[in-house]
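Worksheet: one structure, shown below.
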Amino acid sequence: MRELPTLPLPAPAPPAEGYSRREALVMGLFALAAAATATGCSAADKLAYEEFVQKHFKDLSPEELKDRLASMEKRYTEQFGKEVKVSATPPMPGVLFGYALDLSRCIGCRRCVYGCVEENNQSRDPQTHWITVLEMDKEEGVNLQNANAFYDHETVPAPGKFYMPVACQHCENPPCVKVCPVQATWKEPDGIVVIDYDWCIGCRNCIAACPYGARRFNWGKPSIPKDELNPNTEYLGNRPRQRGVVEKCSFCLQRVRKGLYPKCVEVCPVGARKFGNLLDPESEIRYIIENKRVYILKEELNTQPKFFYYYGL
Amino acid sequence: MNVLSKFGSFVTGTARMAFVGGNRYYYAWLGVLALCIVQAVFAFSHQFQNGLIVTNMRDSVSWGYYIGNFTFLVGVAAAAVLLVVPAYVYDWKPIKEVALFGELLAVCSIVMCLLFVLVDMGRPDRFWHIVPFLGRMNLPGAIMAWDAVVLNIYLAVNLVVASYLVYCGYHGIHYNKKFVWPLVIFSIPMAISIHTVTAFLYNGMASRPYWNSAILAPRFIASAFCSGPALLLILFQILRKVSAFEIKDEAIHKVAELMAYAMGFNLFLFGAEVFKEYYSNTHHLVHYEYLFAGLHGEPSPIALYAWMSLAFAVISFFLFLIPRTRRNIVTMNIGCVLIYASVYIEKGIALIIPGFTPDQLGQVYEYVPSATELRVAAGVFGIGFLLFTLMVKVSVAILFERPRAEGAH
Ligand code: SF4
Ligand code: SF4
């Protein structure tokens, strides 16, 4: 097996502490109702009911979380005909993830887009992409009103053009989190903005609020061919999604929390993408921020992205 | 008679009043509404089975016709206050009888609002996540959570007041002023707040420069004060013709006059907004360009509506401003229809779509509602109108045709 480059990170995280348990008085009621309705019903009904009454991720006790992960693994394994793992890897202490992208290197090949689709189990039909690559005129510089996300040349880069990939910026001050009426999305301690697909009500308020067009809604039923599913999944990341909920880039939670680089960093043929721990003064990402000309998209909105564009050449 | 049997006779009695003793037109109208609802059930089950992909909304334009209707109807509901204020606060007789109808209209509008939200949700089965105490509401941060709270309180207040008044009328007892008054007074700031909070939902998003304007809430209130009463004025005239309902011309003219001021203010605020955008001519102007003309040399599919809405607003403003045309029944009714159409286009199309077009990354997706969206919306309106028709039928019967329940005085 090829050795993958690894991310210089502090010592591995201590065992999961679980999230602080919120008093959920009403859940008792639901459990009662569930028990009452589930008796005499088929297993499928029971499952549907369990899904209906399930709790918010943060309200699950460690045992409940374990049960949920196990039942998800079982379901996905059956559904895709191969062993699927679902983990809930907690954030590492002392880590705040940051991303940097070299605008002078990116050639607009979209390898990151498709690498991401495979790694993160995006729907193939209808097609979902977490990364949008914008093509713009060199002469004009960054001007979104002049951007084209649907360019299709025989070869890239096209003369006179430059490329700007955009995905979730993992804002320090994320408007998408602020507007979610049910707290289905939040910022983790390592700075990654996540979504609980089982709690999202599909109101799409976060899509309206995100200034970077980073969120994707499952308008139709997502589908992935069985043999293309990436079986290493995370509860808050790349596990198979449902219809009617929102998803987006998670900085490849399932990889970076285990010390691997995000998939897009790995597949970029020109090395335009950099990733690391913002709290580590020795990290590459800190070097870039301190030594290069860095550009932040829509800086005036005070979203404070942890995604930095820079000019490396 | 004890309370329980009194309540029982109220329920059966009003049910009888709602369905018995209408003329042909009444039943034909109920039939039309029933058809609207039935076809919408099919359309909605199609949507429920296949997901929101059967709408024409997409990630670029992630809210569309449903939320436009929602926004419009919040305004109609809020406008009930325009009738309640003079009726109760100034104890102004000619309007007092009709305030009840304002409250009924508010109730039906909110019911439609909630239905529009429900059909717009990706996961309607999870609606309880946003119910206080059951779910996990994001308060005080999320305006949408506040919106759910104020809409439901407003619905409850109006429902309680209106049904209590009708109940008292039914049994021929005098309503308890000490009970009704505080609720009515409370409903006034609530009416303002539902539309303000709905405006803040849009207004608070820095990602959407088209909405991110401080005068959005005042604009919402001003336009609501035109559209809600426009509906009621037409209704009053119909009721006056076909039932024992009474309303003085004086009251109608007074409401029309208030609407003229509201429309004037609405136009002024619109002008202020347009001036700011066109004079400063920043990148944010693109949304207005999309609304009134088009982008990249392509005509926009909504420009025609935008211009129509503006023209209707100006014409109706003058029709209501000039006393002669305001008092003339024909020109007044034309004015009502124009106002209604103008505000409906403004909220339903001209507010939502340009907010999303072009999207945050400058891409243009041309949104036009799909057949499913139109059909489902027709059903939601059908339900609201049906509810309103039945409630009005009962209220008119009780308040103006004065039947008495057996055993009551
Ligand atoms: S880029 Fe958008 S989705 Fe990502 S954290 Fe910021 S606001 Fe949220
Ligand atoms: S769509 Fe889901 S994540 Fe987004 S705001 Fe609504 S409930 Fe929250």
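Here's how to read the names in the structure tokens: chain A, B, ... by the order shown, residue numbers from 1 in each chain, ligand numbers from 1 in the order shown.
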
Kindly provide, as an mmCIF file with N, CA and C atoms, in the first residue's frame, the residues of chain A having any atom no farther than 8 Å from an atom of chain B, counting only C-alpha atoms.
data_model
loop_
_atom_site.group_PDB
_atom_site.id
_atom_site.type_symbol
_atom_site.label_atom_id
_atom_site.label_comp_id
_atom_site.auth_asym_id
_atom_site.auth_seq_id
_atom_site.Cartn_x
_atom_site.Cartn_y
_atom_site.Cartn_z
ATOM 1 N N VAL A 26 -39.090 15.829 27.178
ATOM 2 C CA VAL A 26 -40.170 15.401 26.309
ATOM 3 C C VAL A 26 -39.872 14.078 25.634
ATOM 4 N N MET A 27 -38.590 13.751 25.587
ATOM 5 C CA MET A 27 -38.218 12.532 24.875
ATOM 6 C C MET A 27 -38.856 11.312 25.521
ATOM 7 N N PHE A 52 -38.090 8.942 13.343
ATOM 8 C CA PHE A 52 -38.964 10.087 13.607
ATOM 9 C C PHE A 52 -38.701 10.675 14.989
ATOM 10 N N HIS A 56 -31.404 14.868 18.794
ATOM 11 C CA HIS A 56 -30.301 15.647 18.234
ATOM 12 C C HIS A 56 -28.992 14.978 18.630
ATOM 13 N N LEU A 144 -17.165 38.271 -8.763
ATOM 14 C CA LEU A 144 -18.095 37.143 -8.835
ATOM 15 C C LEU A 144 -19.170 37.348 -9.895
ATOM 16 N N GLN A 145 -19.522 38.610 -10.140
ATOM 17 C CA GLN A 145 -20.574 38.843 -11.129
ATOM 18 C C GLN A 145 -20.104 38.494 -12.540
ATOM 19 N N ASN A 146 -18.816 38.274 -12.647
ATOM 20 C CA ASN A 146 -18.260 37.924 -13.948
ATOM 21 C C ASN A 146 -17.752 36.480 -13.955
ATOM 22 N N ALA A 147 -18.154 35.733 -12.913
ATOM 23 C CA ALA A 147 -17.625 34.382 -12.763
ATOM 24 C C ALA A 147 -18.475 33.384 -13.526
ATOM 25 N N ASN A 148 -17.820 32.320 -13.990
ATOM 26 C CA ASN A 148 -18.545 31.267 -14.685
ATOM 27 C C ASN A 148 -18.215 29.924 -14.047
ATOM 28 N N ALA A 149 -19.243 29.288 -13.485
ATOM 29 C CA ALA A 149 -19.036 27.995 -12.839
ATOM 30 C C ALA A 149 -19.263 26.860 -13.817
ATOM 31 N N PRO A 175 -22.727 32.487 9.409
ATOM 32 C CA PRO A 175 -24.134 32.886 9.348
ATOM 33 C C PRO A 175 -25.079 31.691 9.216
ATOM 34 N N LYS A 178 -25.949 30.555 12.623
ATOM 35 C CA LYS A 178 -26.796 31.529 13.325
ATOM 36 C C LYS A 178 -28.259 31.393 12.930
ATOM 37 N N VAL A 179 -28.538 31.154 11.647
ATOM 38 C CA VAL A 179 -29.926 31.194 11.199
ATOM 39 C C VAL A 179 -30.661 29.864 11.326
ATOM 40 N N CYS A 180 -29.962 28.785 11.575
ATOM 41 C CA CYS A 180 -30.652 27.487 11.610
ATOM 42 C C CYS A 180 -31.632 27.469 12.774
ATOM 43 N N PRO A 181 -32.930 27.285 12.493
ATOM 44 C CA PRO A 181 -33.927 27.418 13.553
ATOM 45 C C PRO A 181 -33.888 26.277 14.565
ATOM 46 N N VAL A 182 -33.247 25.165 14.206
ATOM 47 C CA VAL A 182 -33.311 24.000 15.087
ATOM 48 C C VAL A 182 -31.934 23.500 15.543
ATOM 49 N N GLN A 183 -30.903 24.304 15.338
ATOM 50 C CA GLN A 183 -29.545 23.928 15.742
ATOM 51 C C GLN A 183 -29.095 22.628 15.085
ATOM 52 N N TRP A 199 -31.292 15.699 12.000
ATOM 53 C CA TRP A 199 -32.026 16.722 12.739
ATOM 54 C C TRP A 199 -32.502 17.857 11.820
ATOM 55 N N CYS A 200 -31.816 18.029 10.681
ATOM 56 C CA CYS A 200 -32.153 19.102 9.733
ATOM 57 C C CYS A 200 -33.591 18.941 9.244
ATOM 58 N N ILE A 201 -34.324 20.053 9.233
ATOM 59 C CA ILE A 201 -35.716 19.989 8.788
ATOM 60 C C ILE A 201 -35.863 20.396 7.326
ATOM 61 N N GLY A 202 -34.764 20.764 6.691
ATOM 62 C CA GLY A 202 -34.815 21.101 5.271
ATOM 63 C C GLY A 202 -35.466 22.434 4.966
ATOM 64 N N CYS A 203 -35.313 23.387 5.895
ATOM 65 C CA CYS A 203 -35.929 24.703 5.648
ATOM 66 C C CYS A 203 -35.093 25.542 4.683
ATOM 67 N N ARG A 204 -33.821 25.216 4.540
ATOM 68 C CA ARG A 204 -32.915 25.869 3.597
ATOM 69 C C ARG A 204 -32.599 27.317 3.955
ATOM 70 N N ILE A 207 -28.955 27.878 3.465
ATOM 71 C CA ILE A 207 -28.530 28.107 2.079
ATOM 72 C C ILE A 207 -28.677 29.583 1.749
ATOM 73 N N ALA A 208 -29.796 30.157 2.224
ATOM 74 C CA ALA A 208 -30.004 31.585 1.976
ATOM 75 C C ALA A 208 -28.941 32.413 2.685
ATOM 76 N N ALA A 209 -28.511 31.967 3.853
ATOM 77 C CA ALA A 209 -27.614 32.789 4.666
ATOM 78 C C ALA A 209 -26.137 32.652 4.305
ATOM 79 N N CYS A 210 -25.739 31.532 3.721
ATOM 80 C CA CYS A 210 -24.316 31.320 3.438
ATOM 81 C C CYS A 210 -23.870 32.228 2.298
ATOM 82 N N PRO A 211 -22.877 33.079 2.533
ATOM 83 C CA PRO A 211 -22.448 33.997 1.471
ATOM 84 C C PRO A 211 -21.597 33.322 0.406
ATOM 85 N N TYR A 212 -21.253 32.061 0.599
ATOM 86 C CA TYR A 212 -20.319 31.405 -0.311
ATOM 87 C C TYR A 212 -20.970 30.302 -1.144
ATOM 88 N N GLY A 213 -22.292 30.234 -1.102
ATOM 89 C CA GLY A 213 -22.981 29.216 -1.901
ATOM 90 C C GLY A 213 -22.478 27.824 -1.605
ATOM 91 N N ARG A 215 -23.608 25.504 0.663
ATOM 92 C CA ARG A 215 -24.498 24.425 1.142
ATOM 93 C C ARG A 215 -25.292 23.821 -0.002
ATOM 94 N N ARG A 216 -25.529 22.530 0.112
ATOM 95 C CA ARG A 216 -26.248 21.800 -0.930
ATOM 96 C C ARG A 216 -27.462 21.128 -0.329
ATOM 97 N N PHE A 217 -28.565 21.183 -1.060
ATOM 98 C CA PHE A 217 -29.783 20.557 -0.581
ATOM 99 C C PHE A 217 -30.046 19.293 -1.387
ATOM 100 N N TRP A 219 -32.438 17.769 -3.148
ATOM 101 C CA TRP A 219 -33.762 17.993 -3.744
ATOM 102 C C TRP A 219 -34.425 16.672 -4.074
ATOM 103 N N GLY A 220 -33.646 15.747 -4.587
ATOM 104 C CA GLY A 220 -34.170 14.421 -4.882
ATOM 105 C C GLY A 220 -33.489 13.393 -3.993
ATOM 106 N N LYS A 221 -33.830 12.126 -4.166
ATOM 107 C CA LYS A 221 -33.218 11.078 -3.358
ATOM 108 C C LYS A 221 -31.790 10.872 -3.838
ATOM 109 N N ARG A 243 -32.876 12.238 1.542
ATOM 110 C CA ARG A 243 -33.565 13.273 0.778
ATOM 111 C C ARG A 243 -34.046 14.369 1.730
ATOM 112 N N GLY A 244 -34.062 15.610 1.222
ATOM 113 C CA GLY A 244 -34.691 16.679 1.995
ATOM 114 C C GLY A 244 -33.836 17.306 3.073
ATOM 115 N N VAL A 245 -32.535 17.018 3.092
ATOM 116 C CA VAL A 245 -31.673 17.661 4.082
ATOM 117 C C VAL A 245 -30.496 18.343 3.396
ATOM 118 N N LEU A 301 -17.933 40.851 5.121
ATOM 119 C CA LEU A 301 -19.104 40.305 5.807
ATOM 120 C C LEU A 301 -18.779 39.810 7.218
#

Exercise. Counting only C-alpha atoms and all ligand atoms, name the residues that have an atom within 8 Å of an atom of ligand 1; the answer should be given as a list of chain:residue names.
Key: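 Checked against 8 Å with only C-alpha atoms and all ligand atoms; the hits are A:Ala167, A:Cys168, A:Gln169, A:His170, A:Cys171, A:Glu172, A:Asn173, A:Pro174, A:Pro175, A:Cys176, A:Val177, A:Lys187, A:Ile192, A:Val193, A:Cys206, A:Ile207, A:Ala209, A:Cys210, A:Pro211, A:Tyr212, A:Gly213, A:Ala214, A:Arg215, A:Lys248, A:Cys249, A:Thr303, A:Pro305.
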
Write to file, as a compact mmCIF listing (two decimals), in the first residue's frame, the residues of the selection just made, with N, CA, C and O atoms.
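The file below, result21.txt, is the result:
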# COMPACT_ATOMS: atom_id res chain seq x y z
N ALA A 167 -15.67 26.36 -1.67
CA ALA A 167 -16.49 25.39 -0.94
C ALA A 167 -16.75 26.01 0.42
O ALA A 167 -16.47 27.20 0.62
N CYS A 168 -17.26 25.23 1.35
CA CYS A 168 -17.51 25.81 2.68
C CYS A 168 -16.23 26.39 3.23
O CYS A 168 -15.17 25.77 3.19
N GLN A 169 -16.31 27.60 3.73
CA GLN A 169 -15.14 28.31 4.24
C GLN A 169 -14.93 28.07 5.74
O GLN A 169 -14.06 28.65 6.35
N HIS A 170 -15.79 27.27 6.32
CA HIS A 170 -15.72 26.99 7.76
C HIS A 170 -15.50 28.28 8.56
O HIS A 170 -14.51 28.43 9.28
N CYS A 171 -16.46 29.16 8.38
CA CYS A 171 -16.39 30.48 8.99
C CYS A 171 -16.26 30.38 10.51
O CYS A 171 -16.87 29.53 11.15
N GLU A 172 -15.44 31.28 11.07
CA GLU A 172 -15.36 31.39 12.52
C GLU A 172 -16.68 31.96 13.04
O GLU A 172 -17.10 31.69 14.16
N ASN A 173 -17.31 32.79 12.20
CA ASN A 173 -18.54 33.46 12.57
C ASN A 173 -19.61 33.09 11.52
O ASN A 173 -19.99 33.90 10.70
N PRO A 174 -20.05 31.83 11.55
CA PRO A 174 -20.83 31.32 10.42
C PRO A 174 -22.30 31.74 10.42
O PRO A 174 -23.05 31.36 11.33
N PRO A 175 -22.73 32.49 9.41
CA PRO A 175 -24.13 32.89 9.35
C PRO A 175 -25.08 31.69 9.22
O PRO A 175 -26.21 31.74 9.70
N CYS A 176 -24.60 30.61 8.58
CA CYS A 176 -25.48 29.45 8.40
C CYS A 176 -25.87 28.86 9.74
O CYS A 176 -26.98 28.36 9.92
N VAL A 177 -24.95 28.90 10.71
CA VAL A 177 -25.22 28.35 12.03
C VAL A 177 -26.19 29.27 12.79
O VAL A 177 -27.12 28.82 13.44
N LYS A 187 -20.74 24.74 14.90
CA LYS A 187 -19.29 24.76 14.72
C LYS A 187 -18.66 23.90 15.79
O LYS A 187 -18.92 24.10 16.97
N ILE A 192 -14.56 23.01 12.51
CA ILE A 192 -15.30 22.44 11.39
C ILE A 192 -16.80 22.67 11.61
O ILE A 192 -17.32 22.38 12.69
N VAL A 193 -17.47 23.21 10.59
CA VAL A 193 -18.90 23.44 10.69
C VAL A 193 -19.62 22.19 10.18
O VAL A 193 -19.39 21.75 9.05
N CYS A 206 -30.21 28.09 5.89
CA CYS A 206 -28.76 28.18 5.87
C CYS A 206 -28.24 28.42 4.45
O CYS A 206 -27.23 29.08 4.27
N ILE A 207 -28.95 27.88 3.46
CA ILE A 207 -28.53 28.11 2.08
C ILE A 207 -28.68 29.58 1.75
O ILE A 207 -27.83 30.19 1.11
N ALA A 209 -28.51 31.97 3.85
CA ALA A 209 -27.61 32.79 4.67
C ALA A 209 -26.14 32.65 4.30
O ALA A 209 -25.36 33.55 4.58
N CYS A 210 -25.74 31.53 3.72
CA CYS A 210 -24.32 31.32 3.44
C CYS A 210 -23.87 32.23 2.30
O CYS A 210 -24.41 32.14 1.20
N PRO A 211 -22.88 33.08 2.53
CA PRO A 211 -22.45 34.00 1.47
C PRO A 211 -21.60 33.32 0.41
O PRO A 211 -21.23 33.96 -0.57
N TYR A 212 -21.25 32.06 0.60
CA TYR A 212 -20.32 31.41 -0.31
C TYR A 212 -20.97 30.30 -1.14
O TYR A 212 -20.27 29.52 -1.78
N GLY A 213 -22.29 30.23 -1.10
CA GLY A 213 -22.98 29.22 -1.90
C GLY A 213 -22.48 27.82 -1.60
O GLY A 213 -22.38 26.99 -2.49
N ALA A 214 -22.15 27.56 -0.35
CA ALA A 214 -21.45 26.32 -0.02
C ALA A 214 -22.38 25.17 0.34
O ALA A 214 -21.96 24.03 0.33
N ARG A 215 -23.61 25.50 0.66
CA ARG A 215 -24.50 24.42 1.14
C ARG A 215 -25.29 23.82 0.00
O ARG A 215 -25.68 24.51 -0.94
N LYS A 248 -22.79 19.67 3.06
CA LYS A 248 -21.73 20.55 2.55
C LYS A 248 -20.38 19.96 2.92
O LYS A 248 -20.32 18.98 3.65
N CYS A 249 -19.33 20.64 2.47
CA CYS A 249 -17.97 20.24 2.79
C CYS A 249 -17.74 20.21 4.30
O CYS A 249 -18.18 21.08 5.02
N THR A 303 -17.47 37.14 8.24
CA THR A 303 -17.73 35.73 8.50
C THR A 303 -16.46 35.04 8.98
O THR A 303 -16.51 33.94 9.52
N PRO A 305 -13.66 33.56 7.44
CA PRO A 305 -13.40 32.21 6.91
C PRO A 305 -12.09 31.64 7.43
O PRO A 305 -11.14 32.39 7.68

Distance query B:Tyr26 at most 12 Å, only C-alpha atoms, self and fewer than 6 positions along chain excluded, as a CSV table (one decimal) with N, CA and C atoms, in the first residue's frame:
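This went into out18.csv:
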chain,number,residue,atom,x,y,z
B,18,ALA,N,-72.9,26.7,9.1
B,18,ALA,CA,-71.8,26.7,8.0
B,18,ALA,C,-72.3,26.0,6.8
B,19,PHE,N,-73.0,24.9,7.0
B,19,PHE,CA,-73.3,24.1,5.8
B,19,PHE,C,-74.7,24.1,5.3
B,20,VAL,N,-75.6,24.6,6.1
B,20,VAL,CA,-77.0,24.6,5.8
B,20,VAL,C,-77.5,26.0,5.4
B,32,VAL,N,-65.9,24.5,-5.7
B,32,VAL,CA,-64.7,25.0,-6.4
B,32,VAL,C,-63.5,24.8,-5.4
B,33,LEU,N,-63.7,25.3,-4.2
B,33,LEU,CA,-62.6,25.2,-3.2
B,33,LEU,C,-62.2,23.7,-2.9
B,238,ILE,N,-69.4,42.1,-1.0
B,238,ILE,CA,-70.1,40.9,-1.4
B,238,ILE,C,-71.1,40.5,-0.3
B,239,LEU,N,-70.6,40.5,1.0
B,239,LEU,CA,-71.5,40.1,2.1
B,239,LEU,C,-72.7,41.0,2.2
B,242,VAL,N,-75.2,39.8,-0.3
B,242,VAL,CA,-75.8,38.4,-0.3
B,242,VAL,C,-76.3,38.0,1.1
B,243,SER,N,-76.0,38.8,2.1
B,243,SER,CA,-76.5,38.4,3.5
B,243,SER,C,-77.0,39.6,4.2
B,386,LEU,N,-61.6,28.2,2.2
B,386,LEU,CA,-62.7,27.4,2.7
B,386,LEU,C,-62.9,27.7,4.2
B,389,THR,N,-64.4,31.1,4.4
B,389,THR,CA,-65.8,31.1,4.0
B,389,THR,C,-66.7,30.6,5.1
B,390,LEU,N,-66.4,29.4,5.6
B,390,LEU,CA,-67.2,28.8,6.7
B,390,LEU,C,-67.3,29.7,7.9
B,392,VAL,N,-66.9,32.9,8.1
B,392,VAL,CA,-67.6,34.1,7.8
B,392,VAL,C,-69.1,33.8,7.8
B,393,LYS,N,-69.4,32.7,7.2
B,393,LYS,CA,-70.9,32.3,7.1
B,393,LYS,C,-71.5,32.2,8.5

Self-check item: Secondary structure check, helix (DSSP H, G or I) residues of stretch 76-291 of chain A, as a ChimeraX atom specification
Solution: /A:76-80,111-119,144-146,175-179,205-209,226-228,253-256,263-267,284-291

Same residues, N, CA and C atoms, output as a compact mmCIF listing (two decimals), in the first residue's frame:
# COMPACT_ATOMS: atom_id res chain seq x y z
N TYR A 76 -26.70 0.63 6.53
CA TYR A 76 -25.92 0.96 5.33
C TYR A 76 -25.27 -0.29 4.76
N THR A 77 -24.83 -1.18 5.66
CA THR A 77 -24.19 -2.40 5.18
C THR A 77 -25.17 -3.21 4.33
N GLU A 78 -26.40 -3.31 4.84
CA GLU A 78 -27.43 -4.02 4.07
C GLU A 78 -27.69 -3.30 2.74
N GLN A 79 -27.83 -1.99 2.86
CA GLN A 79 -28.22 -1.20 1.68
C GLN A 79 -27.18 -1.27 0.57
N PHE A 80 -25.89 -1.26 0.95
CA PHE A 80 -24.84 -1.17 -0.07
C PHE A 80 -24.12 -2.49 -0.30
N ARG A 111 -10.28 18.33 -10.58
CA ARG A 111 -10.03 17.02 -10.01
C ARG A 111 -10.47 16.97 -8.54
N CYS A 112 -10.33 18.12 -7.89
CA CYS A 112 -10.76 18.20 -6.48
C CYS A 112 -12.26 17.93 -6.37
N VAL A 113 -13.01 18.48 -7.32
CA VAL A 113 -14.47 18.33 -7.28
C VAL A 113 -14.85 16.86 -7.27
N TYR A 114 -14.25 16.11 -8.22
CA TYR A 114 -14.65 14.70 -8.35
C TYR A 114 -14.02 13.82 -7.29
N GLY A 115 -12.82 14.20 -6.84
CA GLY A 115 -12.21 13.48 -5.72
C GLY A 115 -13.11 13.60 -4.49
N CYS A 116 -13.63 14.77 -4.30
CA CYS A 116 -14.51 15.06 -3.17
C CYS A 116 -15.79 14.24 -3.28
N VAL A 117 -16.36 14.18 -4.47
CA VAL A 117 -17.60 13.42 -4.69
C VAL A 117 -17.41 11.97 -4.25
N GLU A 118 -16.26 11.39 -4.67
CA GLU A 118 -16.02 9.98 -4.34
C GLU A 118 -15.76 9.78 -2.85
N GLU A 119 -14.91 10.63 -2.31
CA GLU A 119 -14.53 10.49 -0.91
C GLU A 119 -15.74 10.69 0.02
N LEU A 144 -17.17 38.27 -8.76
CA LEU A 144 -18.10 37.14 -8.83
C LEU A 144 -19.17 37.35 -9.90
N GLN A 145 -19.52 38.61 -10.14
CA GLN A 145 -20.57 38.84 -11.13
C GLN A 145 -20.10 38.49 -12.54
N ASN A 146 -18.82 38.27 -12.65
CA ASN A 146 -18.26 37.92 -13.95
C ASN A 146 -17.75 36.48 -13.95
N PRO A 175 -22.73 32.49 9.41
CA PRO A 175 -24.13 32.89 9.35
C PRO A 175 -25.08 31.69 9.22
N CYS A 176 -24.60 30.61 8.58
CA CYS A 176 -25.48 29.45 8.40
C CYS A 176 -25.87 28.86 9.74
N VAL A 177 -24.95 28.90 10.71
CA VAL A 177 -25.22 28.35 12.03
C VAL A 177 -26.19 29.27 12.79
N LYS A 178 -25.95 30.56 12.62
CA LYS A 178 -26.80 31.53 13.32
C LYS A 178 -28.26 31.39 12.93
N VAL A 179 -28.54 31.15 11.65
CA VAL A 179 -29.93 31.19 11.20
C VAL A 179 -30.66 29.86 11.33
N ASN A 205 -32.83 27.64 5.21
CA ASN A 205 -32.47 28.96 5.70
C ASN A 205 -30.95 29.16 5.62
N CYS A 206 -30.21 28.09 5.89
CA CYS A 206 -28.76 28.18 5.87
C CYS A 206 -28.24 28.42 4.45
N ILE A 207 -28.95 27.88 3.46
CA ILE A 207 -28.53 28.11 2.08
C ILE A 207 -28.68 29.58 1.75
N ALA A 208 -29.80 30.16 2.22
CA ALA A 208 -30.00 31.58 1.98
C ALA A 208 -28.94 32.41 2.68
N ALA A 209 -28.51 31.97 3.85
CA ALA A 209 -27.61 32.79 4.67
C ALA A 209 -26.14 32.65 4.30
N LYS A 226 -23.56 1.05 -5.70
CA LYS A 226 -23.06 0.26 -4.56
C LYS A 226 -21.54 0.18 -4.50
N ASP A 227 -20.95 -0.08 -5.67
CA ASP A 227 -19.50 -0.29 -5.65
C ASP A 227 -18.72 1.01 -5.51
N GLU A 228 -19.42 2.14 -5.59
CA GLU A 228 -18.68 3.41 -5.48
C GLU A 228 -18.76 4.02 -4.10
N LEU A 253 -13.79 15.59 7.48
CA LEU A 253 -13.78 15.19 8.89
C LEU A 253 -13.23 13.79 9.13
N GLN A 254 -13.68 12.86 8.29
CA GLN A 254 -13.32 11.45 8.50
C GLN A 254 -11.84 11.22 8.26
N ARG A 255 -11.18 12.12 7.57
CA ARG A 255 -9.76 11.97 7.31
C ARG A 255 -8.94 12.84 8.25
N VAL A 256 -9.29 14.12 8.34
CA VAL A 256 -8.41 15.05 9.04
C VAL A 256 -8.37 14.79 10.55
N LYS A 263 -9.23 15.03 1.00
CA LYS A 263 -9.08 14.39 -0.30
C LYS A 263 -8.67 15.40 -1.39
N CYS A 264 -9.26 16.58 -1.36
CA CYS A 264 -8.98 17.55 -2.41
C CYS A 264 -7.51 17.98 -2.39
N VAL A 265 -6.92 18.02 -1.18
CA VAL A 265 -5.50 18.36 -1.08
C VAL A 265 -4.69 17.25 -1.74
N GLU A 266 -5.11 16.01 -1.45
CA GLU A 266 -4.37 14.87 -1.96
C GLU A 266 -4.42 14.75 -3.48
N VAL A 267 -5.59 15.06 -4.07
CA VAL A 267 -5.72 14.82 -5.51
C VAL A 267 -5.31 16.00 -6.38
N GLU A 284 2.42 24.57 8.00
CA GLU A 284 2.52 25.16 6.67
C GLU A 284 1.48 26.28 6.49
N ILE A 285 0.27 26.01 7.03
CA ILE A 285 -0.80 26.98 6.85
C ILE A 285 -0.45 28.31 7.53
N ARG A 286 0.20 28.21 8.69
CA ARG A 286 0.61 29.44 9.37
C ARG A 286 1.69 30.16 8.57
N TYR A 287 2.57 29.38 7.99
CA TYR A 287 3.64 29.98 7.18
C TYR A 287 3.02 30.78 6.02
N ILE A 288 2.02 30.18 5.39
CA ILE A 288 1.40 30.84 4.24
C ILE A 288 0.73 32.15 4.67
N ILE A 289 -0.04 32.06 5.76
CA ILE A 289 -0.75 33.25 6.21
C ILE A 289 0.23 34.36 6.58
N GLU A 290 1.34 33.97 7.18
CA GLU A 290 2.28 34.99 7.65
C GLU A 290 3.18 35.52 6.54
N ASN A 291 3.38 34.75 5.49
CA ASN A 291 4.39 35.15 4.50
C ASN A 291 3.90 35.41 3.09

Practice problem: Write out as a ChimeraX atom specification which residues come within 9 Å of B:Val157 when counting only C-alpha atoms, dropping same-chain ones fewer than 4 positions away. | Solution: /B:152-153,161-162,183-184,186-187

Practice problem: May I ask for the distance between atom CA of B:Phe225 and atom CA of B:Val337, given in Å to one decimal place? | Solution: 14.3 Å

Quiz item: Excluding same-chain residues fewer than 3 positions from B:Asn266, what lies within 8 Å of it counting only C-alpha atoms, as an MDAnalysis selection string?
Solution: chainID B and resid 219 222:223 262:263 269:270

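Using only C-alpha atoms and all ligand atoms, the shortest contact distance between ligand 2 and any of A:Asn302, A:Asn277, A:Thr185, A:Ser223 is found at A:Thr185.
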
Quiz prompt | Who sits within 9 Å of B:Leu374, only C-alpha atoms, same chain under 4 positions skipped, as a PyMOL selection string | solution = chain B and resi 40+65-66+369-370+378-379

Practice problem: Write out as a list in words the residues lying within 10 Å of A:Arg257, counting only C-alpha atoms and excluding same-chain residues fewer than 3 positions away. | Solution: Leu7, Leu9, Pro12, Ala13, Thr89, Pro90, Pro91, Met92, Val95, Phe97, Asp190, Phe251, Cys252, Leu253, Gln254, Leu260, Tyr261 and Pro262 of chain A

Self-check item: Atomic separation - atom CA of A:Glu135 relative to atom CA of A:Asn238, Å
Solution: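 Interatomic distance here is 27.4 Å.
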
Self-check item: Proximity to B:Leu73 - best of B:Tyr175, B:Tyr25, B:Phe318, B:Tyr344, only C-alpha atoms
Solution: B:Tyr344
